[in-house]
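Coordinates from structure-v7.cif are shown below (mmCIF, C-alpha atoms).
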data_structure
#
loop_
_atom_site.label_atom_id
_atom_site.label_comp_id
_atom_site.auth_asym_id
_atom_site.auth_seq_id
_atom_site.Cartn_x
_atom_site.Cartn_y
_atom_site.Cartn_z
CA MET A 1 17.15 36.03 -21.63
CA LYS A 2 13.40 36.36 -20.92
CA GLU A 3 12.73 33.41 -23.23
CA ILE A 4 15.25 31.25 -21.31
CA ASN A 5 13.63 32.23 -18.00
CA LYS A 6 10.17 31.37 -19.35
CA PHE A 7 11.48 28.00 -20.52
CA LEU A 8 13.12 27.32 -17.13
CA TYR A 9 9.92 28.19 -15.29
CA LYS A 10 8.00 25.79 -17.52
CA VAL A 11 10.54 23.00 -16.92
CA ILE A 12 10.51 23.57 -13.13
CA PHE A 13 6.69 23.70 -13.10
CA PHE A 14 6.52 20.45 -15.10
CA ILE A 15 9.00 18.72 -12.74
CA LEU A 16 7.05 19.86 -9.67
CA LEU A 17 3.78 18.73 -11.25
CA THR A 18 5.23 15.35 -12.16
CA PHE A 19 6.70 14.93 -8.69
CA SER A 20 3.41 15.75 -6.96
CA VAL A 21 1.51 13.32 -9.23
CA ASN A 22 4.10 10.62 -8.51
CA ALA A 23 3.95 11.27 -4.78
CA GLU A 24 0.18 10.83 -4.86
CA SER A 25 0.32 7.68 -6.99
CA LYS A 26 2.61 5.95 -4.49
CA VAL A 27 -0.46 4.84 -2.54
CA LEU A 28 -1.21 1.31 -3.72
CA GLU A 29 -4.73 1.44 -5.13
CA ILE A 30 -6.98 -0.76 -7.22
CA GLY A 31 -10.44 -0.21 -8.70
CA SER A 32 -12.12 2.60 -10.60
CA PRO A 33 -11.12 6.17 -9.67
CA ASP A 34 -14.79 7.04 -10.32
CA ALA A 35 -16.13 4.48 -7.81
CA LYS A 36 -18.77 5.78 -5.41
CA ILE A 37 -16.95 4.20 -2.46
CA THR A 38 -13.30 4.43 -1.43
CA VAL A 39 -11.94 2.04 1.18
CA LYS A 40 -8.64 3.09 2.75
CA VAL A 41 -6.76 0.58 4.88
CA PHE A 42 -3.77 1.69 6.93
CA SER A 43 -1.76 -1.40 7.68
CA SER A 44 1.58 -2.84 8.63
CA LEU A 45 2.71 -5.97 6.79
CA THR A 46 3.92 -7.59 10.02
CA CYS A 47 0.54 -7.09 11.73
CA PRO A 48 -1.47 -10.37 12.04
CA HIS A 49 -4.81 -8.47 12.16
CA CYS A 50 -3.89 -6.77 8.87
CA ALA A 51 -3.16 -10.15 7.28
CA SER A 52 -6.49 -11.43 8.60
CA PHE A 53 -8.35 -8.42 7.15
CA HIS A 54 -6.72 -8.96 3.77
CA LYS A 55 -7.57 -12.66 3.75
CA ASN A 56 -11.10 -12.42 5.20
CA ILE A 57 -12.35 -9.19 3.63
CA PHE A 58 -10.19 -7.91 0.77
CA GLU A 59 -10.40 -11.03 -1.44
CA ASP A 60 -14.24 -11.09 -1.40
CA LEU A 61 -14.45 -7.30 -1.64
CA LYS A 62 -12.32 -7.46 -4.79
CA LYS A 63 -14.56 -10.04 -6.48
CA GLU A 64 -17.87 -8.43 -5.52
CA TYR A 65 -17.13 -4.71 -5.67
CA ILE A 66 -13.64 -3.67 -6.76
CA ASP A 67 -13.60 -5.71 -10.00
CA LYS A 68 -17.09 -4.32 -10.81
CA ASP A 69 -15.88 -0.70 -10.41
CA LEU A 70 -18.13 -0.11 -7.40
CA VAL A 71 -15.30 0.30 -4.87
CA LYS A 72 -11.82 1.78 -5.05
CA PHE A 73 -9.43 0.17 -2.57
CA GLU A 74 -6.34 1.89 -1.19
CA HIS A 75 -3.59 0.12 0.73
CA HIS A 76 -1.79 2.74 2.84
CA SER A 77 1.51 1.51 4.21
CA PHE A 78 1.85 2.13 7.93
CA PRO A 79 4.93 0.07 8.87
CA LEU A 80 5.34 -0.61 12.58
CA ASP A 81 8.86 -1.98 12.22
CA LEU A 82 11.79 -2.36 9.82
CA ALA A 83 10.58 -5.75 8.54
CA ALA A 84 7.22 -4.23 7.49
CA LEU A 85 9.00 -1.28 5.86
CA ASN A 86 11.26 -3.58 3.83
CA ALA A 87 8.31 -5.73 2.72
CA GLU A 88 6.57 -2.55 1.47
CA ILE A 89 9.73 -1.58 -0.42
CA ILE A 90 9.81 -4.99 -2.15
CA ILE A 91 6.16 -4.58 -3.23
CA ARG A 92 7.03 -1.20 -4.75
CA CYS A 93 9.78 -2.88 -6.80
CA LEU A 94 7.02 -4.09 -9.12
CA GLN A 95 5.56 -1.74 -11.72
CA ASP A 96 2.22 -3.42 -12.44
CA THR A 97 -0.57 -2.64 -9.93
CA ASN A 98 -2.18 -6.09 -10.17
CA LYS A 99 1.17 -7.77 -9.58
CA LYS A 100 1.73 -5.48 -6.57
CA PHE A 101 -1.59 -6.59 -5.09
CA GLN A 102 -0.79 -10.25 -5.82
CA LEU A 103 2.55 -9.86 -4.00
CA LEU A 104 0.81 -8.03 -1.15
CA GLY A 105 -1.54 -11.02 -0.80
CA GLU A 106 1.37 -13.49 -0.81
CA ILE A 107 3.28 -11.47 1.79
CA TYR A 108 0.21 -11.49 4.05
CA LYS A 109 -0.42 -15.19 3.40
CA LYS A 110 3.15 -16.15 4.30
CA GLN A 111 3.50 -13.62 7.13
CA ASN A 112 4.23 -16.26 9.78
CA GLN A 113 7.09 -17.59 7.61
CA TRP A 114 9.01 -14.34 7.05
CA ALA A 115 7.99 -11.93 9.85
CA VAL A 116 9.79 -13.90 12.56
CA GLY A 117 12.97 -13.39 14.54
CA SER A 118 14.99 -10.25 15.07
CA ASP A 119 17.71 -10.61 12.43
CA ILE A 120 16.67 -8.19 9.68
CA ASN A 121 19.03 -9.84 7.15
CA VAL A 122 17.30 -13.21 7.63
CA ILE A 123 13.89 -11.49 7.35
CA ASN A 124 14.95 -9.68 4.16
CA GLU A 125 16.05 -12.97 2.57
CA SER A 126 12.67 -14.52 3.46
CA ILE A 127 10.78 -11.58 1.91
CA LYS A 128 12.97 -11.80 -1.20
CA LYS A 129 12.06 -15.48 -1.64
CA ILE A 130 8.41 -14.40 -1.94
CA GLY A 131 9.45 -11.61 -4.34
CA LEU A 132 11.30 -14.09 -6.58
CA ASP A 133 8.01 -15.94 -7.16
CA SER A 134 6.50 -12.64 -8.36
CA GLY A 135 9.13 -12.25 -11.06
CA LEU A 136 11.53 -9.94 -9.23
CA SER A 137 15.26 -10.66 -9.33
CA ASN A 138 17.55 -10.60 -6.29
CA THR A 139 19.53 -7.76 -7.91
CA LYS A 140 16.37 -5.67 -8.43
CA MET A 141 15.19 -6.26 -4.84
CA ASP A 142 18.62 -5.44 -3.37
CA SER A 143 18.63 -2.22 -5.39
CA CYS A 144 15.12 -1.35 -4.14
CA LEU A 145 16.05 -2.02 -0.51
CA LYS A 146 19.00 0.39 -0.83
CA ASN A 147 16.80 3.15 -2.32
CA GLU A 148 16.56 5.72 0.46
CA SER A 149 14.02 7.91 -1.36
CA VAL A 150 11.50 5.04 -1.40
CA GLN A 151 12.08 4.46 2.33
CA ASP A 152 11.56 8.19 2.95
CA GLN A 153 8.37 8.19 0.86
CA ILE A 154 6.85 5.34 2.88
CA LEU A 155 7.87 6.85 6.22
CA ASN A 156 6.57 10.29 5.20
CA GLN A 157 3.25 8.73 4.20
CA ARG A 158 3.11 7.15 7.63
CA ILE A 159 3.79 10.50 9.35
CA GLU A 160 1.14 12.26 7.21
CA ALA A 161 -1.40 9.50 7.93
CA GLN A 162 -0.68 9.75 11.65
CA LYS A 163 -1.35 13.51 11.54
CA LYS A 164 -4.43 13.41 9.32
CA TYR A 165 -6.16 10.23 10.49
CA GLU A 166 -4.75 9.81 14.02
CA ILE A 167 -3.94 6.14 13.49
CA GLN A 168 -3.74 4.33 16.85
CA SER A 169 -3.48 0.73 15.63
CA THR A 170 -3.39 -1.36 12.48
CA PRO A 171 -5.41 -2.02 10.49
CA THR A 172 -7.34 1.25 10.62
CA ILE A 173 -10.04 1.36 7.96
CA PHE A 174 -11.86 4.33 6.47
CA ILE A 175 -14.84 4.02 4.15
CA ASN A 176 -15.46 7.31 2.32
CA GLU A 177 -13.32 9.06 4.95
CA LYS A 178 -15.42 7.71 7.83
CA LYS A 179 -13.68 5.35 10.26
CA TYR A 180 -15.04 1.79 10.12
CA LYS A 181 -15.61 0.48 13.63
CA GLY A 182 -17.42 -2.75 12.82
CA GLU A 183 -16.23 -6.34 12.99
CA HIS A 184 -13.39 -7.45 10.74
CA LYS A 185 -15.59 -10.03 9.09
CA TYR A 186 -16.93 -9.90 5.55
CA LYS A 187 -20.69 -9.90 6.28
CA PRO A 188 -20.77 -6.77 8.50
CA PHE A 189 -18.24 -5.06 6.22
CA LYS A 190 -20.38 -5.85 3.19
CA LYS A 191 -23.46 -4.41 4.94
CA THR A 192 -21.64 -1.11 5.45
CA ILE A 193 -20.66 -1.04 1.76
CA GLU A 194 -24.20 -1.90 0.59
CA LYS A 195 -25.67 0.99 2.58
CA LEU A 196 -23.48 3.43 0.65
CA LEU A 197 -24.25 2.12 -2.84
#
What is this structure when it is put down as structure tokens?
Amino acid sequence: MKEINKFLYKVIFFILLTFSVNAESKVLEIGSPDAKITVKVFSSLTCPHCASFHKNIFEDLKKEYIDKDLVKFEHHSFPLDLAALNAEIIIRCLQDTNKKFQLLGEIYKKQNQWAVGSDINVINESIKKIGLDSGLSNTKMDSCLKNESVQDQILNQRIEAQKKYEIQSTPTIFINEKKYKGEHKYKPFKKTIEKLL
């Protein structure tokens, strides 16, 4: 009986450990875990300023620092509405991190095409069109959108971020846990990064 109990404890411990690792890895991140600098961006996929940040800063940051293992970048989902939540869910349908970031870029690029109107079914179909180009099937995306645990994960991350970082607007950016208050242009952002290297 003791042996069975020991085995059960080990199984439960392993499950809890796996779950906590998975919960942590749900943040979309790219770059070396050993990088000296970590950039965290809390954003909503329907937010035009977030799309602008991604287009004007992230792309250059990736080439100059992330791809060279100098910066780790974390995209923290902070959906402000159901459309943003569903777009995040579609991104999480993909397994490969690089493909997730490519889809994230496409969703930001085409934001003014899909994030319009108030009919969530029309919005979902528009998001799915972008997902199809990333190799996702309609069946897979429909299944992802119905997955309540993924919805809960994203919303819980948002609640935790609100508590820990007191997010007032999107995007909110932290560089090595210090809030970035500079311009959302690449030159001033790059200067802040360079000072920390």
Set up a box along x, y and z of the file covering all listed atoms of stretch 178-195 of chain A, add 3 Å on every one of the six sides, and write the centre and edge lengths in Å to one decimal, as lines of an AutoDock Vina configuration file.
center_x = -19.5
center_y = -1.2
center_z = 7.1
size_x = 18.3
size_y = 23.7
size_z = 19.0
Can you write out as a tab-separated table which residues of stretch 145-190 of chain A fall within 6 Å of stretch 41-53 of chain A, alongside each residue's closest atom pair and its distance in Å to one decimal, counting only C-alpha atoms and ordering rows by chain and ascending residue number?
residue	atom	partner	partner_atom	distance
A:Thr170	CA	A:Ser43	CA	5.1
A:Pro171	CA	A:Ser43	CA	4.6
A:Thr172	CA	A:Phe42	CA	5.2
A:Ile173	CA	A:Val41	CA	4.6
Query raised in the report: Can you tell me, as number ranges by chain, what residues are no more than 12 Å from stretch 101-106 of chain A when counting all atoms listed in the file, ignoring any on the same chain fewer than 6 positions away?
Result: A: 27-31, 43-46, 50-59, 62, 73-77, 84, 87-95, 112-114, 127-136
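Between A:Ala83 and the candidates A:Tyr65, A:Asp34, A:Leu155, A:Ala115, the tightest atom-to-atom separation, counting only C-alpha atoms, involves A:Ala115.
The two atoms in question, atom CA of A:Gln168 and atom CA of A:Ile154, are spaced 17.6 Å apart.
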Query - Ground truth for the PyMOL selection byres ((chain A and resi 194) around 12), written as number ranges by chain - result: A: 36-37, 61, 64-65, 70-71, 175, 186-193, 195-197
Report task. In Å, rounded to a single decimal, give me how far atom CA of A:Leu85 is from atom CA of A:Gln151. Result -> 7.4 Å
**Report entry** For atom CA of A:Asp119 and atom CA of A:Asn86, the interatomic separation in Å (one decimal)
**Finding:** 12.8 Å
Neighbourhood query: residues within 8 Å of (-12.4, 5.1, 4.6), file coordinates, counting all atoms listed in the file; return as a CSV table (one decimal) with C-alpha atoms, keeping the file's coordinate frame.
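The result, written out as part18.csv:
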chain,number,residue,atom,x,y,z
A,38,THR,CA,-13.3,4.4,-1.4
A,39,VAL,CA,-11.9,2.0,1.2
A,40,LYS,CA,-8.6,3.1,2.8
A,41,VAL,CA,-6.8,0.6,4.9
A,173,ILE,CA,-10.0,1.4,8.0
A,174,PHE,CA,-11.9,4.3,6.5
A,175,ILE,CA,-14.8,4.0,4.2
A,176,ASN,CA,-15.5,7.3,2.3
A,177,GLU,CA,-13.3,9.1,5.0
A,178,LYS,CA,-15.4,7.7,7.8
A,179,LYS,CA,-13.7,5.4,10.3
A,180,TYR,CA,-15.0,1.8,10.1
Requested in this report: For each of A:Phe78, A:Asn147, A:Ser118, A:Lys140, take the minimum atom-to-atom distance to A:Ala161, counting all atoms listed in the file, then give the residue where this is smallest.
Outcome: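 Among the listed residues, A:Phe78 lies closest to A:Ala161.
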Any chance you could turn stretch 53-89 of chain A into a file with N, CA and C atoms, as a compact mmCIF listing (two decimals), in the first residue's frame?
# COMPACT_ATOMS: atom_id res chain seq x y z
N PHE A 53 3.51 49.52 -32.64
CA PHE A 53 4.72 49.12 -31.92
C PHE A 53 5.35 47.90 -32.60
N HIS A 54 4.51 46.94 -32.93
CA HIS A 54 5.02 45.70 -33.54
C HIS A 54 5.70 46.00 -34.88
N LYS A 55 5.05 46.84 -35.66
CA LYS A 55 5.57 47.18 -37.00
C LYS A 55 6.82 48.06 -36.92
N ASN A 56 6.78 49.08 -36.04
CA ASN A 56 7.86 50.07 -36.00
C ASN A 56 9.04 49.71 -35.11
N ILE A 57 8.82 48.81 -34.15
CA ILE A 57 9.91 48.49 -33.22
C ILE A 57 10.28 47.01 -33.25
N PHE A 58 9.29 46.13 -33.14
CA PHE A 58 9.60 44.70 -33.01
C PHE A 58 10.43 44.15 -34.17
N GLU A 59 10.04 44.48 -35.40
CA GLU A 59 10.73 43.91 -36.57
C GLU A 59 12.23 44.23 -36.56
N ASP A 60 12.58 45.50 -36.28
CA ASP A 60 14.00 45.89 -36.23
C ASP A 60 14.69 45.30 -35.00
N LEU A 61 13.97 45.27 -33.90
CA LEU A 61 14.52 44.70 -32.65
C LEU A 61 14.88 43.24 -32.86
N LYS A 62 14.04 42.53 -33.62
CA LYS A 62 14.29 41.11 -33.89
C LYS A 62 15.58 40.94 -34.68
N LYS A 63 15.73 41.73 -35.75
CA LYS A 63 16.93 41.61 -36.59
C LYS A 63 18.20 41.97 -35.83
N GLU A 64 18.14 43.08 -35.09
CA GLU A 64 19.36 43.59 -34.45
C GLU A 64 19.73 42.96 -33.12
N TYR A 65 18.72 42.50 -32.37
CA TYR A 65 19.01 42.03 -31.01
C TYR A 65 18.48 40.64 -30.67
N ILE A 66 17.23 40.37 -31.05
CA ILE A 66 16.64 39.08 -30.67
C ILE A 66 17.33 37.93 -31.40
N ASP A 67 17.51 38.07 -32.72
CA ASP A 67 18.15 37.01 -33.52
C ASP A 67 19.63 36.82 -33.15
N LYS A 68 20.22 37.82 -32.48
CA LYS A 68 21.63 37.71 -32.05
C LYS A 68 21.74 37.31 -30.58
N ASP A 69 20.63 36.86 -30.01
CA ASP A 69 20.58 36.38 -28.61
C ASP A 69 20.91 37.44 -27.56
N LEU A 70 20.72 38.71 -27.93
CA LEU A 70 21.00 39.80 -26.98
C LEU A 70 19.75 40.20 -26.21
N VAL A 71 18.58 39.94 -26.80
CA VAL A 71 17.31 40.31 -26.18
C VAL A 71 16.33 39.14 -26.27
N LYS A 72 15.63 38.92 -25.16
CA LYS A 72 14.50 37.98 -25.18
C LYS A 72 13.24 38.84 -25.22
N PHE A 73 12.32 38.49 -26.11
CA PHE A 73 11.09 39.27 -26.28
C PHE A 73 9.90 38.43 -25.85
N GLU A 74 9.03 39.02 -25.03
CA GLU A 74 7.83 38.33 -24.58
C GLU A 74 6.58 39.12 -24.98
N HIS A 75 5.69 38.44 -25.69
CA HIS A 75 4.39 39.02 -26.03
C HIS A 75 3.39 38.52 -24.98
N HIS A 76 2.90 39.43 -24.15
CA HIS A 76 1.91 39.08 -23.13
C HIS A 76 0.54 39.51 -23.61
N SER A 77 -0.35 38.54 -23.75
CA SER A 77 -1.69 38.89 -24.27
C SER A 77 -2.48 39.62 -23.18
N PHE A 78 -3.02 40.75 -23.58
CA PHE A 78 -3.84 41.56 -22.69
C PHE A 78 -5.07 42.01 -23.47
N PRO A 79 -5.95 41.04 -23.83
CA PRO A 79 -7.08 41.37 -24.71
C PRO A 79 -8.05 42.36 -24.08
N LEU A 80 -8.43 43.36 -24.86
CA LEU A 80 -9.36 44.38 -24.38
C LEU A 80 -10.80 44.08 -24.82
N ASP A 81 -10.94 43.07 -25.68
CA ASP A 81 -12.28 42.71 -26.15
C ASP A 81 -12.27 41.28 -26.67
N LEU A 82 -13.44 40.78 -27.03
CA LEU A 82 -13.58 39.39 -27.48
C LEU A 82 -12.83 39.13 -28.78
N ALA A 83 -12.80 40.10 -29.67
CA ALA A 83 -12.08 39.94 -30.94
C ALA A 83 -10.58 39.70 -30.69
N ALA A 84 -10.00 40.48 -29.77
CA ALA A 84 -8.57 40.33 -29.44
C ALA A 84 -8.32 38.98 -28.77
N LEU A 85 -9.23 38.57 -27.91
CA LEU A 85 -9.10 37.27 -27.25
C LEU A 85 -9.11 36.14 -28.28
N ASN A 86 -10.03 36.19 -29.22
CA ASN A 86 -10.13 35.14 -30.24
C ASN A 86 -8.91 35.11 -31.16
N ALA A 87 -8.37 36.29 -31.47
CA ALA A 87 -7.15 36.34 -32.29
C ALA A 87 -5.98 35.69 -31.55
N GLU A 88 -5.89 35.92 -30.24
CA GLU A 88 -4.84 35.28 -29.42
C GLU A 88 -5.01 33.76 -29.43
N ILE A 89 -6.26 33.31 -29.35
CA ILE A 89 -6.53 31.87 -29.34
C ILE A 89 -6.07 31.24 -30.66
